[in-house]
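Chemist: Sharing a structure below in structure tokens format, with a few things to ask.
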Amino acid sequence: MLGEYLDLCIGISVVVFCANFVQRCFYASIEYIFYEKNYLPEDRLSTIIRRVFTYDSRAKWMVIVLLLLAFARFGSTGNLKNLVPNYVYFIIWMPLYWIFSYVQLSYCPLDYAHWIRDGHGLDYAAGMASSYYHGYLKLALPERNDDGLKKRMQDYEDTHQIRFATDRLIILIPDDMFVKGVIKSDLLEKAEDLETKFINRAGVNRPFKHAVYRLKRQINGTTYYVAMEGATPMLTFFEAMNFQSSTTWQMREMKREIWLKFARHLKELLTSCPETENEVELIIYKSHKSNGECEDVGEILYAHFEARLGNKKHLN
């Protein structure tokens, strides 16, 4: 009974892989005929073949297991006929496989979440994080010509006779993705910005500025300041979701997945480079309390630094 079942599984797998191979050949033909502009002329065919006939590692392992199983069954029975499907199976099952594939029987919105969580870097969240990092943070923060973030913050402290709670840029990443142009809180007061840094980027001498806020409530008898801003790509995504021409139901459905992936990928980028690993502090938080009231950013910052600076004084 078990042997017959294994033979049937092997036979069905052969039909499925054959149907999949034929389907991939069809996809390759469609790409070659109708999507010529999507490929460079010199490597059009090779790129299509590579893209179409690249299999996931799990599929490769499955083939290896099936081959080992087929050899084991042939060794025990000496009968190859039971392992080779009848041509009727190909006639019946292969079109059925193509129909199931065409109607995407396995599709569900959870597929989008899994795709966003994957590490391919092609999703919306990873794209925003990469653009934010390479187009802004990695340019504006590191020390190059005596104008890095830490140097400008030190100059600011010396000029204004104040003290920063941290020598890193605070980036707010709330889960609703919205941060006002001027961050409002009874515990925060807008101060003069840090010195503007100019960097030539794509033919334009672009200004890079960082806002400074004063914490009104003292910590250990000291009034602290912070260089702080919201994550602008998250605000852009928030605006895109609320604009009819750019929003989709998938964006709205997956907004939390995108928020989490953006924060995680940005943190990975920041910590992976020595130039930026000590330049940014991400504050990731819920925008609303359990009773529906908005969280006070000032309270969040005060609690964050009070715990750190208060413990530091206690240890000293």
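All residue names refer to the structure tokens as shown: chains lettered A, B, ... in order, residues numbered from 1 in each chain, ligands numbered from 1 in order.
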Write out as a PDB file with C-alpha atoms, in the first residue's frame the residues lying within 7 Å of A:Glu279, counting only C-alpha atoms and excluding same-chain residues fewer than 2 positions away.
Modeler:
ATOM      1  CA  LEU A 141      25.432  62.813   8.542  1.00  0.00           C
ATOM      2  CA  ARG A 168      22.701  61.400  17.118  1.00  0.00           C
ATOM      3  CA  LEU A 169      19.873  62.493  14.844  1.00  0.00           C
ATOM      4  CA  THR A 276      26.357  55.876   9.888  1.00  0.00           C
ATOM      5  CA  GLU A 277      26.119  53.220  12.604  1.00  0.00           C
TER       6      GLU A 277
END
Chemist: Just the residues within 9 Å of A:Phe262, please, counting only C-alpha atoms, with nothing from its chain fewer than 5 positions along; format it as a JSON list (two decimals) with N, CA, C and O atoms, in the first residue's frame.
Modeler:
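Resulting contents of selection-v3.json:
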[["chain", "number", "residue", "atom", "x", "y", "z"],
["A", 124, "TYR", "N", 8.15, 48.16, -1.81],
["A", 124, "TYR", "CA", 7.97, 49.59, -1.57],
["A", 124, "TYR", "C", 8.76, 50.05, -0.34],
["A", 124, "TYR", "O", 9.47, 51.06, -0.36],
["A", 125, "ALA", "N", 8.65, 49.29, 0.76],
["A", 125, "ALA", "CA", 9.29, 49.69, 2.02],
["A", 125, "ALA", "C", 10.81, 49.71, 1.91],
["A", 125, "ALA", "O", 11.47, 50.68, 2.31],
["A", 126, "ALA", "N", 11.38, 48.64, 1.37],
["A", 126, "ALA", "CA", 12.84, 48.58, 1.22],
["A", 126, "ALA", "C", 13.33, 49.66, 0.26],
["A", 126, "ALA", "O", 14.40, 50.25, 0.46],
["A", 127, "GLY", "N", 12.56, 49.93, -0.79],
["A", 127, "GLY", "CA", 12.93, 50.98, -1.73],
["A", 127, "GLY", "C", 12.96, 52.35, -1.08],
["A", 127, "GLY", "O", 13.88, 53.14, -1.29],
["A", 128, "MET", "N", 11.94, 52.65, -0.26],
["A", 128, "MET", "CA", 11.91, 53.93, 0.44],
["A", 128, "MET", "C", 13.07, 54.05, 1.43],
["A", 128, "MET", "O", 13.71, 55.10, 1.53],
["A", 129, "ALA", "N", 13.33, 52.97, 2.17],
["A", 129, "ALA", "CA", 14.42, 53.00, 3.15],
["A", 129, "ALA", "C", 15.77, 53.19, 2.46],
["A", 129, "ALA", "O", 16.61, 53.97, 2.93],
["A", 130, "SER", "N", 15.98, 52.49, 1.36],
["A", 130, "SER", "CA", 17.25, 52.61, 0.63],
["A", 130, "SER", "C", 17.44, 54.00, 0.05],
["A", 130, "SER", "O", 18.53, 54.59, 0.11],
["A", 234, "MET", "N", 8.07, 58.02, 5.04],
["A", 234, "MET", "CA", 6.83, 57.53, 5.62],
["A", 234, "MET", "C", 5.71, 58.56, 5.44],
["A", 234, "MET", "O", 4.56, 58.21, 5.18],
["A", 257, "GLU", "N", 2.65, 46.48, 7.39],
["A", 257, "GLU", "CA", 3.78, 45.68, 6.93],
["A", 257, "GLU", "C", 4.87, 46.58, 6.36],
["A", 257, "GLU", "O", 6.07, 46.38, 6.60],
["A", 267, "LYS", "N", 17.13, 50.46, 9.71],
["A", 267, "LYS", "CA", 18.05, 50.15, 10.82],
["A", 267, "LYS", "C", 19.20, 49.27, 10.34],
["A", 267, "LYS", "O", 20.36, 49.46, 10.72]]
Chemist: I'd like to know which residues of stretch 4-180 of chain A are strand (DSSP E) (by DSSP, run on the backbone); could you write them as a ChimeraX atom specification?
Modeler: /A:163-174
Chemist: Write a file of the selected residues as an mmCIF file, in the first residue's frame, keeping N, CA and C atoms.
Modeler:
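Result file result05.cif:
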data_model
loop_
_atom_site.group_PDB
_atom_site.id
_atom_site.type_symbol
_atom_site.label_atom_id
_atom_site.label_comp_id
_atom_site.auth_asym_id
_atom_site.auth_seq_id
_atom_site.Cartn_x
_atom_site.Cartn_y
_atom_site.Cartn_z
ATOM 1 N N ARG A 163 23.045 71.791 25.796
ATOM 2 C CA ARG A 163 23.526 70.413 25.807
ATOM 3 C C ARG A 163 22.507 69.505 25.121
ATOM 4 N N PHE A 164 22.986 68.711 24.196
ATOM 5 C CA PHE A 164 22.119 67.740 23.525
ATOM 6 C C PHE A 164 21.987 66.476 24.370
ATOM 7 N N ALA A 165 20.802 65.876 24.318
ATOM 8 C CA ALA A 165 20.578 64.626 25.046
ATOM 9 C C ALA A 165 21.320 63.466 24.395
ATOM 10 N N THR A 166 21.577 63.569 23.108
ATOM 11 C CA THR A 166 22.336 62.565 22.366
ATOM 12 C C THR A 166 22.999 63.250 21.186
ATOM 13 N N ASP A 167 24.140 62.732 20.767
ATOM 14 C CA ASP A 167 24.825 63.327 19.618
ATOM 15 C C ASP A 167 24.412 62.662 18.314
ATOM 16 N N ARG A 168 23.248 62.029 18.318
ATOM 17 C CA ARG A 168 22.701 61.400 17.118
ATOM 18 C C ARG A 168 21.443 62.138 16.660
ATOM 19 N N LEU A 169 21.109 61.945 15.386
ATOM 20 C CA LEU A 169 19.873 62.493 14.844
ATOM 21 C C LEU A 169 18.717 61.585 15.237
ATOM 22 N N ILE A 170 17.706 62.152 15.872
ATOM 23 C CA ILE A 170 16.510 61.399 16.233
ATOM 24 C C ILE A 170 15.567 61.378 15.032
ATOM 25 N N ILE A 171 15.164 60.184 14.615
ATOM 26 C CA ILE A 171 14.203 60.050 13.518
ATOM 27 C C ILE A 171 12.947 59.372 14.054
ATOM 28 N N LEU A 172 11.829 60.060 13.945
ATOM 29 C CA LEU A 172 10.552 59.543 14.425
ATOM 30 C C LEU A 172 9.878 58.703 13.346
ATOM 31 N N ILE A 173 9.433 57.509 13.744
ATOM 32 C CA ILE A 173 8.730 56.624 12.805
ATOM 33 C C ILE A 173 7.452 56.127 13.482
ATOM 34 N N PRO A 174 6.393 56.955 13.507
ATOM 35 C CA PRO A 174 5.123 56.530 14.109
ATOM 36 C C PRO A 174 4.395 55.543 13.206
#
Chemist: Just the number, please: distance in Å from atom CA of A:Glu189 to atom CA of A:Leu215, one decimal.
Modeler: 6.7 Å
Chemist: One decimal, Å: what's the distance from atom CA of A:Arg50 over to atom CA of A:Arg24, could you say?
Modeler: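 Separation of atom CA of A:Arg50 and atom CA of A:Arg24: 11.1 Å.
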Chemist: Excluding A:Glu192 and its own-chain neighbours fewer than 5 positions away, which residues fall within 9 Å of it when counting only C-alpha atoms? Please give them as a VMD selection string.
Modeler: chain A and resid 211 to 213
Chemist: So what do you get for atom CA of A:Ile92 versus atom CA of A:Ser13, distance-wise?
Modeler: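 Separating atom CA of A:Ile92 from atom CA of A:Ser13 is a distance of 13.9 Å.
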